[in-house]
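**Student:** The structure is given below, and queries will be raised subsequently.
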Amino acid sequence: MVRIITDSTSSIPQDIRAELGIEAASLIINRNGEEEPDLDAFYKDIYEMADNIPTSSQPPLGKVREVVESIAKTGDEVLGIFISSKLSGTFESFVHTAKEVKNDLPNFRFAAIDSMTTCMEMGWPAIAAKAAETGANLDDCIQAANTSLHSTRFVFAPESLLFLQKGGRIGKAAALIGNMISLTPVLTVNDGEASTFSKCRTQKKALAKMLQ
């Protein structure tokens with residue numbers, strides 16, 4: 001059997017992950033000197049964090065190894081699908097950990113896909129790979145995941161320029177002017193990194209552009 005592992009940035013709802021048996025390694029949010037799993041919702045407090053934006057770090061290697069090793073000992077294979085390696089070191093950490101497990105358990109088979117994206121554009125390939133898993137081998141699951149990756153497009157429009165400015169993506173003056181004229185960028189992930197797809201004057205026009 002092929003087991004699918006992704007990370008928490010895939011945004012796959014918990015009930016769907018549980019139903020399909022998809023493992024999600026949680027990135028860590030560092031907030032006010034405390035660490036909490038990315039899988040724990042905190043967006044309801046997002047505007048309170050504007051002047052003290054949390055940082056994030058990749059899943060702890062020990063926990064990743066624990067999951068991979070437990071699967072390997074059952075004789076199952078593993079396909080890992082992770083956030084773009086240009087946005088996080090999660091992909092490289094998984095590959096390193098899986099190789100260590102294979103050194104201890106030579107019959108263990110695994111594969112890893114650098115999605116070159118994040119959020120549900122990476123979540124759908126994980127779901128597609130799991131859907132193909134019944135009666136399929138590791139290569140079939142890889143093909144299903146790659147087909148999904150090439151069939152999706154990730155676009156999003158922030159409701160405010162505040163966090164782009166706070167995170168250093170745009171300058172304070174640009175954020176001020178953009179908010180004054182109701183500028184809403186439509187963003188995407190291109191070649192593994194966030195980029196601007198389009199710029200619209202209002203949120204309504206941005207949503208229409210996304211739909212188009």
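Labels used: A, B, ... for chains in the order of the structure tokens, numbers from 1 for residues in each chain, and numbers from 1 for ligands as shown.
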Give me the residues within 10 Å of Ala111 (chain A) as a VMD selection string, counting only C-alpha atoms and dropping any in the same chain fewer than 6 places off.
**Tutor:** chain A and resid 4 77 to 81 94 to 95 98 138 to 139 141 to 142
**Student:** How about saving the chosen residues, C-alpha atoms kept, as a PDB file, in the first residue's frame?
**Tutor:**
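Written file, result01.pdb:
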ATOM      1  CA  ILE A   4       0.585   9.805   1.338  1.00  0.00           C
ATOM      2  CA  GLU A  77       5.480   2.691   0.625  1.00  0.00           C
ATOM      3  CA  VAL A  78       5.445   6.468   1.059  1.00  0.00           C
ATOM      4  CA  LEU A  79       4.840   9.344  -1.325  1.00  0.00           C
ATOM      5  CA  GLY A  80       5.606  12.755   0.150  1.00  0.00           C
ATOM      6  CA  ILE A  81       4.221  15.926  -1.454  1.00  0.00           C
ATOM      7  CA  PHE A  94      11.669  14.808   4.381  1.00  0.00           C
ATOM      8  CA  VAL A  95      14.037  13.423   1.737  1.00  0.00           C
ATOM      9  CA  ALA A  98      13.362   9.111   4.456  1.00  0.00           C
ATOM     10  CA  LEU A 138       4.063   4.067  -6.123  1.00  0.00           C
ATOM     11  CA  ASP A 139       4.709   5.107  -9.740  1.00  0.00           C
ATOM     12  CA  CYS A 141       0.479   7.598  -7.424  1.00  0.00           C
ATOM     13  CA  ILE A 142       3.346   9.819  -8.551  1.00  0.00           C
TER      14      ILE A 142
END
**Student:** Write out as a PyMOL selection string each polymer residue whose atoms come within 8 Å of region 72-75 of chain A, counting only C-alpha atoms; drop sequence neighbours fewer than 4 positions from it.
**Tutor:** chain A and resi 68+101+105+107-109
**Student:** Would you mind reading off the distance between CA of Ser198 (chain A) and CA of Met122 (chain A), one decimal, in Å?
**Tutor:**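 Interatomic distance here is 21.7 Å.
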**Student:** Apply DSSP to the structure's backbone, then extract all residues of region 13-125 of chain A labelled strand (DSSP E) and return them as a ChimeraX atom specification.
**Tutor:** /A:23-25,28-31,34-37,55-57,77-82,110-114
**Student:** In Å, rounded to a single decimal, give me how far CA of Pro59 (chain A) is from CA of Glu92 (chain A).
**Tutor:**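 Going from CA of Glu92 (chain A) over to CA of Pro59 (chain A), I get 11.4 Å.
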**Student:** Name all residues at most 8 Å from Thr184 (chain A) (count only C-alpha atoms; drop same-chain ones fewer than 4 positions away) and give them as a PyMOL selection string.
**Tutor:** chain A and resi 157-161+178+199-203+206
**Student:** Restricting the output to N, CA and C atoms, write the selected residues as a PDB file, in the first residue's frame.
**Tutor:**
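Generated file (part35.pdb):
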ATOM      1  N   ALA A 157      -6.387  36.746  -3.704  1.00  0.00           N
ATOM      2  CA  ALA A 157      -6.407  38.203  -3.580  1.00  0.00           C
ATOM      3  C   ALA A 157      -6.555  38.563  -2.103  1.00  0.00           C
ATOM      4  N   PRO A 158      -5.551  39.196  -1.507  1.00  0.00           N
ATOM      5  CA  PRO A 158      -5.654  39.592  -0.098  1.00  0.00           C
ATOM      6  C   PRO A 158      -6.675  40.710   0.071  1.00  0.00           C
ATOM      7  N   GLU A 159      -7.401  40.679   1.177  1.00  0.00           N
ATOM      8  CA  GLU A 159      -8.400  41.727   1.408  1.00  0.00           C
ATOM      9  C   GLU A 159      -7.759  43.027   1.869  1.00  0.00           C
ATOM     10  N   SER A 160      -6.477  42.950   2.233  1.00  0.00           N
ATOM     11  CA  SER A 160      -5.757  44.132   2.686  1.00  0.00           C
ATOM     12  C   SER A 160      -4.290  44.004   2.276  1.00  0.00           C
ATOM     13  N   LEU A 161      -3.631  45.153   2.045  1.00  0.00           N
ATOM     14  CA  LEU A 161      -2.201  45.153   1.728  1.00  0.00           C
ATOM     15  C   LEU A 161      -1.337  45.182   2.988  1.00  0.00           C
ATOM     16  N   GLY A 178      -1.906  52.089  -2.232  1.00  0.00           N
ATOM     17  CA  GLY A 178      -2.744  50.987  -2.701  1.00  0.00           C
ATOM     18  C   GLY A 178      -4.051  50.907  -1.954  1.00  0.00           C
ATOM     19  N   LYS A 199      -3.136  43.273 -11.217  1.00  0.00           N
ATOM     20  CA  LYS A 199      -3.488  44.312 -10.252  1.00  0.00           C
ATOM     21  C   LYS A 199      -4.841  44.892 -10.641  1.00  0.00           C
ATOM     22  N   CYS A 200      -5.748  44.944  -9.673  1.00  0.00           N
ATOM     23  CA  CYS A 200      -7.103  45.430  -9.931  1.00  0.00           C
ATOM     24  C   CYS A 200      -7.439  46.565  -8.964  1.00  0.00           C
ATOM     25  N   ARG A 201      -8.410  47.395  -9.345  1.00  0.00           N
ATOM     26  CA  ARG A 201      -8.721  48.563  -8.545  1.00  0.00           C
ATOM     27  C   ARG A 201      -9.589  48.246  -7.330  1.00  0.00           C
ATOM     28  N   THR A 202     -10.340  47.163  -7.359  1.00  0.00           N
ATOM     29  CA  THR A 202     -11.205  46.821  -6.234  1.00  0.00           C
ATOM     30  C   THR A 202     -11.170  45.315  -5.990  1.00  0.00           C
ATOM     31  N   GLN A 203     -11.617  44.909  -4.819  1.00  0.00           N
ATOM     32  CA  GLN A 203     -11.697  43.492  -4.487  1.00  0.00           C
ATOM     33  C   GLN A 203     -12.663  42.778  -5.429  1.00  0.00           C
ATOM     34  N   ALA A 206     -10.946  42.168  -8.624  1.00  0.00           N
ATOM     35  CA  ALA A 206      -9.933  41.138  -8.417  1.00  0.00           C
ATOM     36  C   ALA A 206     -10.556  39.745  -8.455  1.00  0.00           C
TER      37      ALA A 206
END
